[in-house]
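Data block for query.txt (compact mmCIF, C-alpha atoms and all ligand atoms):
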```
# COMPACT_ATOMS: atom_id res chain seq x y z
CA MET A 1 4.85 16.56 -54.93
CA PRO A 2 3.34 17.60 -51.57
CA PRO A 3 5.82 18.29 -48.80
CA PRO A 4 6.36 15.20 -46.62
CA PHE A 5 5.36 16.99 -43.42
CA ARG A 6 2.88 19.76 -42.97
CA GLU A 7 4.11 21.72 -40.00
CA SER A 8 4.32 25.49 -40.38
CA GLY A 9 7.53 27.47 -40.23
CA ARG A 10 9.47 27.60 -36.96
CA ASP A 11 8.05 29.83 -34.24
CA CYS A 12 11.12 31.83 -33.25
CA GLY A 13 9.19 33.86 -30.66
CA ALA A 14 8.16 30.69 -28.81
CA GLU A 15 11.67 29.27 -29.11
CA SER A 16 13.22 32.24 -27.38
CA ARG A 17 10.51 32.39 -24.65
CA LEU A 18 10.98 28.68 -23.98
CA ALA A 19 14.76 28.93 -24.00
CA GLU A 20 14.48 31.65 -21.33
CA ALA A 21 12.10 29.54 -19.23
CA LEU A 22 14.14 26.33 -19.33
CA GLY A 23 16.51 25.54 -16.49
CA PRO A 24 20.04 24.27 -16.99
CA GLY A 25 18.98 20.62 -17.54
CA ARG A 26 19.06 18.54 -20.70
CA PHE A 27 15.26 18.15 -21.20
CA GLY A 28 14.03 20.81 -23.59
CA ARG A 29 17.15 20.84 -25.74
CA PRO A 30 17.32 20.95 -28.68
CA LEU A 31 14.10 22.85 -29.09
CA HIS A 32 11.80 22.88 -32.13
CA ALA A 33 8.78 25.20 -31.90
CA PHE A 34 6.13 25.62 -34.60
CA GLU A 35 3.08 27.78 -35.01
CA ARG A 36 1.01 24.86 -36.23
CA VAL A 37 1.54 21.12 -36.69
CA PRO A 38 -0.78 18.18 -37.30
CA SER A 39 0.55 16.63 -34.05
CA THR A 40 3.76 17.21 -32.10
CA MET A 41 3.92 13.40 -31.71
CA ASP A 42 4.59 12.89 -35.41
CA VAL A 43 7.22 15.61 -35.64
CA ALA A 44 9.00 14.21 -32.56
CA ALA A 45 8.82 10.65 -33.93
CA ARG A 46 10.43 11.78 -37.17
CA LEU A 47 13.17 13.64 -35.29
CA ALA A 48 13.76 10.57 -33.08
CA GLU A 49 14.17 8.45 -36.18
CA GLN A 50 16.70 10.95 -37.48
CA GLY A 51 18.71 10.45 -34.29
CA GLU A 52 17.82 13.59 -32.28
CA PRO A 53 18.98 13.11 -28.69
CA GLU A 54 17.09 12.45 -25.50
CA GLY A 55 15.54 15.65 -24.20
CA THR A 56 14.58 17.04 -27.62
CA LEU A 57 11.42 19.14 -27.29
CA VAL A 58 8.79 19.72 -29.96
CA TRP A 59 6.34 22.52 -29.18
CA ALA A 60 3.37 23.82 -31.13
CA ARG A 61 1.13 26.84 -30.65
CA ARG A 62 -1.73 24.73 -31.96
CA GLN A 63 -2.30 21.28 -33.42
CA GLU A 64 -4.61 20.41 -36.25
CA ARG A 65 -4.82 16.72 -35.45
CA GLY A 66 -3.80 16.47 -31.80
CA ARG A 67 -4.46 12.98 -30.54
CA GLY A 68 -5.04 11.05 -27.34
CA ARG A 69 -4.98 7.32 -26.77
CA LEU A 70 -6.84 4.78 -28.92
CA GLY A 71 -7.28 7.22 -31.81
CA ARG A 72 -9.15 9.79 -29.71
CA ALA A 73 -8.77 13.47 -30.60
CA TRP A 74 -7.07 16.09 -28.41
CA ALA A 75 -8.57 19.57 -28.77
CA SER A 76 -5.62 21.95 -29.25
CA PRO A 77 -6.76 25.58 -29.51
CA GLU A 78 -4.22 28.36 -29.31
CA GLY A 79 -3.19 29.30 -25.78
CA GLY A 80 -2.59 25.77 -24.48
CA ILE A 81 0.57 23.71 -24.05
CA TYR A 82 1.19 21.05 -26.69
CA LEU A 83 4.59 19.45 -26.49
CA SER A 84 6.38 16.17 -27.08
CA LEU A 85 9.71 15.11 -25.59
CA ILE A 86 12.01 12.43 -26.97
CA VAL A 87 13.45 10.02 -24.42
CA ARG A 88 15.57 6.93 -24.91
CA PRO A 89 15.01 4.94 -21.72
CA PRO A 90 17.35 2.00 -21.20
CA VAL A 91 14.50 -0.18 -19.87
CA PRO A 92 12.54 -3.07 -21.42
CA VAL A 93 9.77 -1.94 -23.75
CA SER A 94 7.26 -3.50 -21.32
CA ARG A 95 8.11 -0.81 -18.74
CA ARG A 96 7.70 2.14 -21.07
CA ALA A 97 4.03 2.64 -20.25
CA GLN A 98 5.15 3.72 -16.76
CA LEU A 99 6.41 6.90 -18.41
CA SER A 100 2.88 8.30 -18.38
CA LEU A 101 2.91 8.22 -14.57
CA VAL A 102 6.48 9.56 -14.43
CA ALA A 103 5.29 12.47 -16.57
CA GLY A 104 2.03 12.71 -14.60
CA VAL A 105 3.89 13.40 -11.38
CA ALA A 106 5.99 16.04 -13.16
CA VAL A 107 2.92 17.75 -14.66
CA ALA A 108 1.15 17.81 -11.30
CA GLU A 109 4.19 19.28 -9.58
CA ALA A 110 4.82 21.87 -12.29
CA ILE A 111 1.18 23.04 -12.24
CA HIS A 112 1.31 23.28 -8.47
CA GLU A 113 4.62 25.14 -8.46
CA VAL A 114 3.56 27.71 -11.05
CA THR A 115 -0.13 28.22 -10.14
CA ARG A 116 -0.40 26.90 -6.53
CA LEU A 117 -3.41 24.87 -7.72
CA GLY A 118 -3.75 21.25 -6.58
CA PRO A 119 -4.42 19.02 -9.60
CA GLN A 120 -5.15 15.31 -9.17
CA ILE A 121 -3.70 12.52 -11.25
CA ARG A 122 -6.30 10.18 -12.67
CA TRP A 123 -4.47 6.95 -13.41
CA PRO A 124 -2.94 6.38 -15.86
CA ASN A 125 -2.64 9.54 -17.93
CA ASP A 126 -5.01 12.36 -17.00
CA LEU A 127 -4.80 15.34 -14.68
CA LEU A 128 -7.95 16.73 -13.20
CA LEU A 129 -8.93 20.01 -11.63
CA ASP A 130 -12.30 20.20 -9.90
CA GLY A 131 -12.97 16.71 -11.31
CA ARG A 132 -12.52 17.91 -14.90
CA LYS A 133 -9.67 17.12 -17.25
CA VAL A 134 -7.01 19.82 -17.42
CA ALA A 135 -4.15 17.82 -18.97
CA GLY A 136 -3.44 14.54 -20.74
CA ILE A 137 -0.35 12.47 -21.42
CA LEU A 138 0.35 10.18 -24.35
CA VAL A 139 3.35 7.82 -24.66
CA GLU A 140 4.22 6.29 -28.01
CA GLY A 141 7.22 4.18 -29.02
CA LYS A 142 9.52 4.89 -31.95
CA GLY A 143 12.35 2.37 -32.29
CA ASP A 144 14.53 2.67 -29.20
CA ALA A 145 12.91 6.02 -28.37
CA ALA A 146 9.68 6.87 -26.62
CA ILE A 147 7.77 10.04 -27.36
CA VAL A 148 6.06 11.58 -24.35
CA GLY A 149 3.29 13.96 -25.40
CA ILE A 150 1.76 16.39 -22.94
CA GLY A 151 -1.24 18.65 -23.47
CA ILE A 152 -2.30 21.18 -20.81
CA ASN A 153 -5.27 23.56 -21.07
CA VAL A 154 -3.95 26.95 -20.08
CA GLY A 155 -5.84 29.64 -21.99
CA ARG A 156 -8.93 31.68 -21.21
CA ASP A 157 -10.93 30.57 -24.23
CA ALA A 158 -12.64 27.33 -23.19
CA ARG A 159 -15.09 27.28 -26.11
CA ALA A 160 -12.98 24.86 -28.17
CA LEU A 161 -12.58 22.42 -25.26
CA PRO A 162 -14.80 19.38 -24.74
CA GLU A 163 -17.53 19.38 -22.12
CA HIS A 164 -15.61 17.69 -19.32
CA ALA A 165 -12.47 19.74 -19.80
CA ILE A 166 -11.23 22.67 -17.75
CA SER A 167 -8.43 25.17 -18.22
CA LEU A 168 -5.99 26.48 -15.62
CA ALA A 169 -7.38 29.91 -16.50
CA ALA A 170 -10.68 28.91 -14.86
CA HIS A 171 -8.86 29.58 -11.59
CA GLY A 172 -7.32 32.96 -11.09
CA PRO A 173 -4.84 34.89 -13.16
CA ALA A 174 -3.55 33.61 -16.49
CA CYS A 175 -0.43 31.51 -16.19
CA ASP A 176 2.52 31.89 -18.54
CA PRO A 177 2.60 28.71 -20.66
CA TYR A 178 6.33 29.09 -21.35
CA ARG A 179 7.16 29.26 -17.67
CA LEU A 180 4.95 26.25 -16.98
CA ALA A 181 6.58 24.27 -19.82
CA GLY A 182 10.08 25.19 -18.60
CA THR A 183 9.25 24.09 -15.06
CA LEU A 184 7.68 20.91 -16.40
CA CYS A 185 10.79 19.96 -18.39
CA GLY A 186 12.94 20.32 -15.26
CA ARG A 187 10.55 18.28 -13.08
CA PHE A 188 10.13 15.59 -15.73
CA GLU A 189 13.90 15.24 -16.11
CA ALA A 190 14.33 14.82 -12.35
CA TRP A 191 11.62 12.13 -12.05
CA TYR A 192 12.78 10.42 -15.22
CA ASP A 193 16.33 10.17 -13.86
CA ALA A 194 14.98 8.78 -10.57
CA TRP A 195 12.91 6.23 -12.52
CA ILE A 196 15.92 5.12 -14.56
CA SER A 197 18.22 4.75 -11.56
CA GLU A 198 15.77 3.47 -8.91
CA GLY A 199 12.87 2.02 -10.88
CA PHE A 200 9.20 2.78 -10.28
CA ARG A 201 9.44 2.89 -6.45
CA PRO A 202 10.04 6.67 -6.06
CA ILE A 203 7.31 7.43 -8.59
CA ARG A 204 4.87 5.16 -6.77
CA HIS A 205 5.67 6.92 -3.53
CA GLU A 206 5.18 10.39 -5.02
CA LEU A 207 1.98 9.38 -6.80
CA ARG A 208 0.21 8.98 -3.48
CA ARG A 209 0.41 12.75 -3.07
CA TRP A 210 -1.46 13.40 -6.29
CA ILE A 211 -3.81 10.49 -6.88
CA GLY A 212 -7.28 11.25 -5.60
CA LEU A 213 -8.61 7.88 -6.63
CA PHE A 214 -7.66 5.58 -3.80
CA GLY A 215 -10.49 4.35 -1.64
CA GLY A 216 -13.05 5.51 -4.22
CA LEU A 217 -15.27 3.50 -6.49
CA VAL A 218 -14.02 3.10 -10.08
CA ARG A 219 -15.49 1.68 -13.25
CA LEU A 220 -13.11 0.29 -15.82
CA THR A 221 -13.52 -1.06 -19.30
CA ARG A 222 -11.27 -3.67 -20.81
CA GLY A 223 -12.39 -4.60 -24.30
CA SER A 224 -16.06 -5.41 -23.89
CA GLU A 225 -15.69 -6.17 -20.17
CA GLU A 226 -16.85 -3.63 -17.55
CA ILE A 227 -15.49 -3.89 -14.05
CA GLU A 228 -16.52 -2.04 -10.93
CA GLY A 229 -14.63 -1.94 -7.69
CA GLN A 230 -12.68 0.03 -5.15
CA ALA A 231 -9.34 1.51 -6.27
CA LEU A 232 -6.79 0.51 -3.67
CA ASP A 233 -3.34 1.46 -4.85
CA VAL A 234 -0.84 1.42 -7.70
CA ASP A 235 1.55 -1.54 -7.49
CA GLU A 236 5.33 -1.59 -7.98
CA ASP A 237 4.85 -1.86 -11.76
CA GLY A 238 2.36 1.01 -12.04
CA ARG A 239 -0.69 -1.27 -12.33
CA LEU A 240 -3.94 -0.15 -10.71
CA LEU A 241 -5.09 -2.46 -7.92
CA VAL A 242 -8.86 -2.76 -7.67
CA ARG A 243 -10.93 -4.75 -5.19
CA CYS A 244 -13.76 -6.12 -7.31
CA ASP A 245 -17.29 -6.75 -6.03
CA SER A 246 -16.38 -10.42 -5.54
CA GLY A 247 -13.70 -9.34 -3.03
CA LEU A 248 -10.90 -10.37 -5.38
CA VAL A 249 -8.07 -7.83 -5.85
CA ARG A 250 -7.10 -7.47 -9.52
CA ALA A 251 -4.20 -5.57 -11.08
CA PHE A 252 -4.88 -3.66 -14.30
CA GLU A 253 -2.21 -2.77 -16.85
CA MET A 254 -2.17 0.80 -18.13
CA GLY A 255 -2.51 -0.10 -21.78
CA ASP A 256 -5.49 -2.37 -21.18
CA VAL A 257 -8.17 -0.36 -19.49
CA SER A 258 -9.96 2.98 -19.48
CA LEU A 259 -11.51 4.54 -16.40
CA LEU A 260 -15.14 5.53 -16.87
C1 LIG B 301 -4.98 11.83 -23.50
O1 LIG B 301 -5.63 10.88 -24.22
O2 LIG B 301 -5.40 12.38 -22.52
C2 LIG B 301 -3.62 12.21 -24.07
C3 LIG B 301 -3.59 13.60 -24.63
C4 LIG B 301 -2.21 13.97 -25.11
C5 LIG B 301 -2.21 15.28 -25.85
C6 LIG B 301 -0.82 15.71 -26.22
S1 LIG B 301 -0.78 17.33 -26.82
C7 LIG B 301 0.85 17.14 -27.34
C8 LIG B 301 0.94 15.75 -27.94
N1 LIG B 301 0.54 15.76 -29.34
C9 LIG B 301 -0.58 15.05 -29.54
O3 LIG B 301 -1.12 14.88 -30.66
N2 LIG B 301 -1.00 14.50 -28.39
C10 LIG B 301 -0.12 14.87 -27.28
P1 LIG B 301 -6.99 10.16 -23.77
O4 LIG B 301 -6.86 9.63 -22.38
O5 LIG B 301 -7.28 9.20 -24.86
O6 LIG B 301 -8.05 11.32 -23.71
C11 LIG B 301 -8.66 11.80 -24.86
C12 LIG B 301 -10.02 12.35 -24.44
O7 LIG B 301 -9.85 13.55 -23.67
C13 LIG B 301 -10.89 12.76 -25.62
O8 LIG B 301 -11.64 11.67 -26.09
C14 LIG B 301 -11.77 13.86 -25.02
O9 LIG B 301 -12.85 13.29 -24.31
C15 LIG B 301 -10.87 14.49 -23.98
N3 LIG B 301 -10.21 15.70 -24.49
C16 LIG B 301 -9.88 16.03 -25.76
N4 LIG B 301 -9.25 17.20 -25.81
C17 LIG B 301 -9.18 17.65 -24.53
C18 LIG B 301 -8.63 18.80 -23.93
N5 LIG B 301 -7.99 19.74 -24.61
N6 LIG B 301 -8.77 18.90 -22.57
C19 LIG B 301 -9.38 17.97 -21.84
N7 LIG B 301 -9.91 16.85 -22.36
C20 LIG B 301 -9.81 16.68 -23.70
```

Let me see whether you can do it: turn the structure in this file into structure tokens.
Ligand code: BT5
Amino acid sequence: MPPPFRESGRDCGAESRLAEALGPGRFGRPLHAFERVPSTMDVAARLAEQGEPEGTLVWARRQERGRGRLGRAWASPEGGIYLSLIVRPPVPVSRRAQLSLVAGVAVAEAIHEVTRLGPQIRWPNDLLLDGRKVAGILVEGKGDAAIVGIGINVGRDARALPEHAISLAAHGPACDPYRLAGTLCGRFEAWYDAWISEGFRPIRHELRRWIGLFGGLVRLTRGSEEIEGQALDVDEDGRLLVRCDSGLVRAFEMGDVSLL
């Protein structure tokens, strides 16, 4: 019988580098690092089902079937960051999608802190550098848990990345992925705790620092509908507010639309 899961053996080297880079918080523990997995999302979902606690981190050196939203693929060559964190937010399932913006703020801050670069958040789940995608966030539910997957292009070899992607290495000296991941876990924990205790308000406030979109023209797709308008703001639920050509202001849910 084939083994039920196809991840490689544990990557002890990565586990000790990550353990050194993590702060004293609870996000990042326990830690499961692998050389290769189909997707860190599936390993984390299985661990969540087995009762692993909030904060559990799954890390892979590379993914064979990394994924984005709506069945899209996530290119995962060696040298990048591919991780999933298990959280168990005590909020209604309808609010879980906000986690991609909670994580987005944390990714932006961590990149800035470690590299001094200024990434932009592209609502709802991308981070851009020079207008090209440098990181993506994926949130999936598993029972009472949510799995937050984060991919960041870090390495020098951009050949395996899609056309509109960029790596942090395109700017200046190589950054240590373990240090970046450790910083990210700490920042994500802090924003997550703020989100749990105060709701979306502090995230909305912080987002304004990182979203480059407001005031600009956006094109959205929802199903077969295409909408054009001016991005105005993110509302108190994380929805994107767009003034359409008709003058009407519409609010778009994260799960519903893609930005073109
Ligand atoms: C995302 O989806 O941006 C979410 C990506 C989440 C990846 C992480 S890695 C760890 C964890 N394990 C996983 O299997 N996934 C998560 P979406 O918005 O649907 O964007 C997908 C699109 O981004 C693709 O259709 C490509 O156009 C583009 N893309 C693919 N790989 C990329 C990369 N490495 N860098 C930049 N863009 C990429």

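In this model, the gap between atom CA of Asp42 of chain A and atom N1 of ligand LIG 301 (chain B) comes to 7.8 Å.
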
For atom CA of Gly155 of chain A and atom CA of Gly80 of chain A, the interatomic separation in Å (one decimal): 5.6 Å

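Candidate residues A:Gly66, A:Gly186, A:Gly216, A:Gly118 were compared for distance to Gly28 of chain A, and the nearest is A:Gly186, using all atoms listed in the file.
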
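Minimum distance to ligand LIG 301 (chain B) across A:Arg222, A:Arg72, A:His171, A:His112 (counting only C-alpha atoms and all ligand atoms) occurs at A:Arg72.
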
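Of the listed residues (A:Val148, A:Ala170, A:Leu18, A:Ile121), A:Val148 comes nearest to ligand LIG 301 (chain B); the distances count all atoms listed in the file.
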
May I have the residues at most 12 Å from (10.1, 2.7, -18.4) in the file's coordinates, counting all atoms listed in the file, as an MDAnalysis selection string? chainID A and resid 87:103 139:141 144:148 191:201 203 237:238

Please list as a short mmCIF file (atom, residue, chain, number, x, y, z; two decimals) with C-alpha atoms, in the frame of the given file every residue within 9 Å of Ala110 of chain A, counting all atoms listed in the file and excluding residues in the same chain fewer than 4 positions away.
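Written file, part-v7.cif:
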```cif
data_model
loop_
_atom_site.label_atom_id
_atom_site.label_comp_id
_atom_site.auth_asym_id
_atom_site.auth_seq_id
_atom_site.Cartn_x
_atom_site.Cartn_y
_atom_site.Cartn_z
CA VAL A 105 3.89 13.40 -11.38
CA ALA A 106 5.99 16.04 -13.16
CA VAL A 114 3.56 27.71 -11.05
CA THR A 115 -0.13 28.22 -10.14
CA LEU A 180 4.95 26.25 -16.98
CA ALA A 181 6.58 24.27 -19.82
CA GLY A 182 10.08 25.19 -18.60
CA THR A 183 9.25 24.09 -15.06
CA LEU A 184 7.68 20.91 -16.40
CA CYS A 185 10.79 19.96 -18.39
CA GLY A 186 12.94 20.32 -15.26
CA ARG A 187 10.55 18.28 -13.08
CA PHE A 188 10.13 15.59 -15.73
#
```

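Residue nearest ligand LIG 301 (chain B) within the list A:Gly104, A:Gly223, A:Pro30, A:Gly68: A:Gly68 [criterion: smallest interatomic distance, only C-alpha atoms and all ligand atoms].
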
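Distance-wise, atom C5 of ligand LIG 301 (chain B) and atom CA of Leu232 of chain A end up 27.0 Å apart.
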
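With all atoms listed in the file as the atoms that count, the minimum distance from ligand LIG 301 (chain B) to the choices A:Asp157, A:Glu253, A:Asp126, A:Asp233 is reached by A:Asp126.
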
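The smallest atom-to-atom distance between ligand LIG 301 (chain B) and any of A:Ile227, A:Leu57, A:Val134, A:Ala48, using all atoms listed in the file, is found for A:Val134.
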
Which centre and which edge lengths, in Å to one decimal, describe the axis-aligned box that holds all listed atoms of segment 170-181 of chain A after 5 Å is added on each side, as lines of an AutoDock Vina configuration file?
```
center_x = -1.8
center_y = 29.6
center_z = -16.2
size_x = 27.8
size_y = 20.6
size_z = 20.3
```

At a cut-off of 9 Å, can you tabulate as a tab-separated table every residue of segment 56-147 of chain A near segment 10-15 of chain A together with its closest atom pair and the distance in Å to one decimal, using only C-alpha atoms and ordering rows by chain then number?
```
residue	atom	partner	partner_atom	distance
A:Trp59	CA	A:Ala14	CA	8.4
A:Ala60	CA	A:Asp11	CA	8.2
A:Arg61	CA	A:Ala14	CA	8.2
```

Would you kindly return, as JSON, numbers by chain, each protein, DNA or RNA residue with an atom no farther than 8 Å from any atom of Gly229 of chain A, considering all atoms listed in the file and excluding same-chain residues fewer than 6 positions away? {"A": [217, 218, 219, 242, 243, 244, 245]}
